[in-house]
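For reference, the structure discussed in these notes is given below.
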Amino acid sequence: MTGGTIRCRPARRLALALLVLAGAARAPVAQAQTVEDGSDVGLGKAETRTVLDLVAERFKALDPKVTALRRSQSGWICGSVNVKNREGLYLGERGFVVDPATRFFGRVPDGPELLSPRAKGFAEMEQIRQAYFGHCLD
């Protein structure tokens with residue numbers, strides 16, 4: 001060691017590089033998000049991908065699990081999504097609605113989110129709730 005630098009022989013450097021590459025090859029590969037319960041069978045691949053992309057845009061960091069996909073009579077797509085909280089626990093499924101034509105996505109707000117009409121984002125949450133009730137509840 002000279003001047004605070006560690007010197008390695010070329011063969012040792014190569015072995016170290018191969019070891020690093022081997023570890024990277026064994027690292028888990030990110031799985032493509034899928035529909036957990038197979039309910040996407042009734043939708044086409046393109047529409048399923050649209051739904052999964054919209055869910056990922058909003059919830060990717062929260063490890064979303066999508067279930068109960070179905071097409072409404074109006075052509076919108078309804079489903080459920082479950083996401084993790086800060087402690088890594090799933091919160092429970094909540095409905096969502098997607099308009100494939102406009103790529104609109106909205107997850108049904110939780111009851112407390114709708115308590116005050118003066119709260120920030122209340123009008124948007126109410127629109128999502130109305131869209132879900134209008135398109136997804138039979």
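Quick note on naming: the chains in the structure tokens go A, B, ... in the order shown, residues restart at 1 in each chain, and ligands are numbered from 1 in order of appearance.
When DSSP is run on the backbone, the residues of region 29-124 of chain A that fall into strand (DSSP E or B) are Val35, Lys65, Val66, Thr67, Ala68, Leu69, Arg70, Arg71, Ile77, Cys78, Gly79, Ser80, Val81, Asn82, Lys84, Tyr90, Arg94, Gly95, Phe96, Val97, Val98, Asp99, Phe104, Phe105, Gly106 and Arg107 of chain A.
The residue that comes closest to Phe59 (chain A), out of A:Gly106, A:Pro112, A:Pro117, A:Gly42 and on the basis of only C-alpha atoms, is A:Gly106.
With CA of Thr34 (chain A) on one side and CA of Ala101 (chain A) on the other, the separation reads 21.2 Å.
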Notebook entry, point to check: Using only C-alpha atoms, which residues sit within 12 Å of Asp53 (chain A) once same-chain residues fewer than 2 positions away are excluded, as an MDAnalysis selection string?
Noted result: chainID A and resid 32:35 45:51 55:60 64 66 98 100 103:105
Item checked: For CA of Asp37 (chain A) and CA of Gly134 (chain A), the interatomic separation in Å (one decimal) -> 24.1 Å
Note to self: As an exercise, work out the distance from CA of Glu126 (chain A) to CA of Asp63 (chain A) in Å and give it to one decimal place.
What the structure shows: 25.4 Å
Next item on the list: Would you list, as a VMD selection string, the residues of region 43-92 of chain A that end up in alpha helix (DSSP H) under DSSP run on this structure's backbone?
Entry: chain A and resid 45 to 59
Item checked: Shell around region 79-93 of chain A at 7 Å using only C-alpha atoms, local window under 4 positions removed, as a list in words -> Leu62, Asp63, Pro64, Lys65, Val66, Thr67, Ala68, Leu69, Arg70 and Val97 of chain A
Item checked: Gly111 (chain A) environment, 12 Å, only C-alpha atoms, sequence neighbours closer than 4 positions dropped, as JSON, numbers by chain -> {"A": [94, 115, 116, 122, 125, 126, 129]}
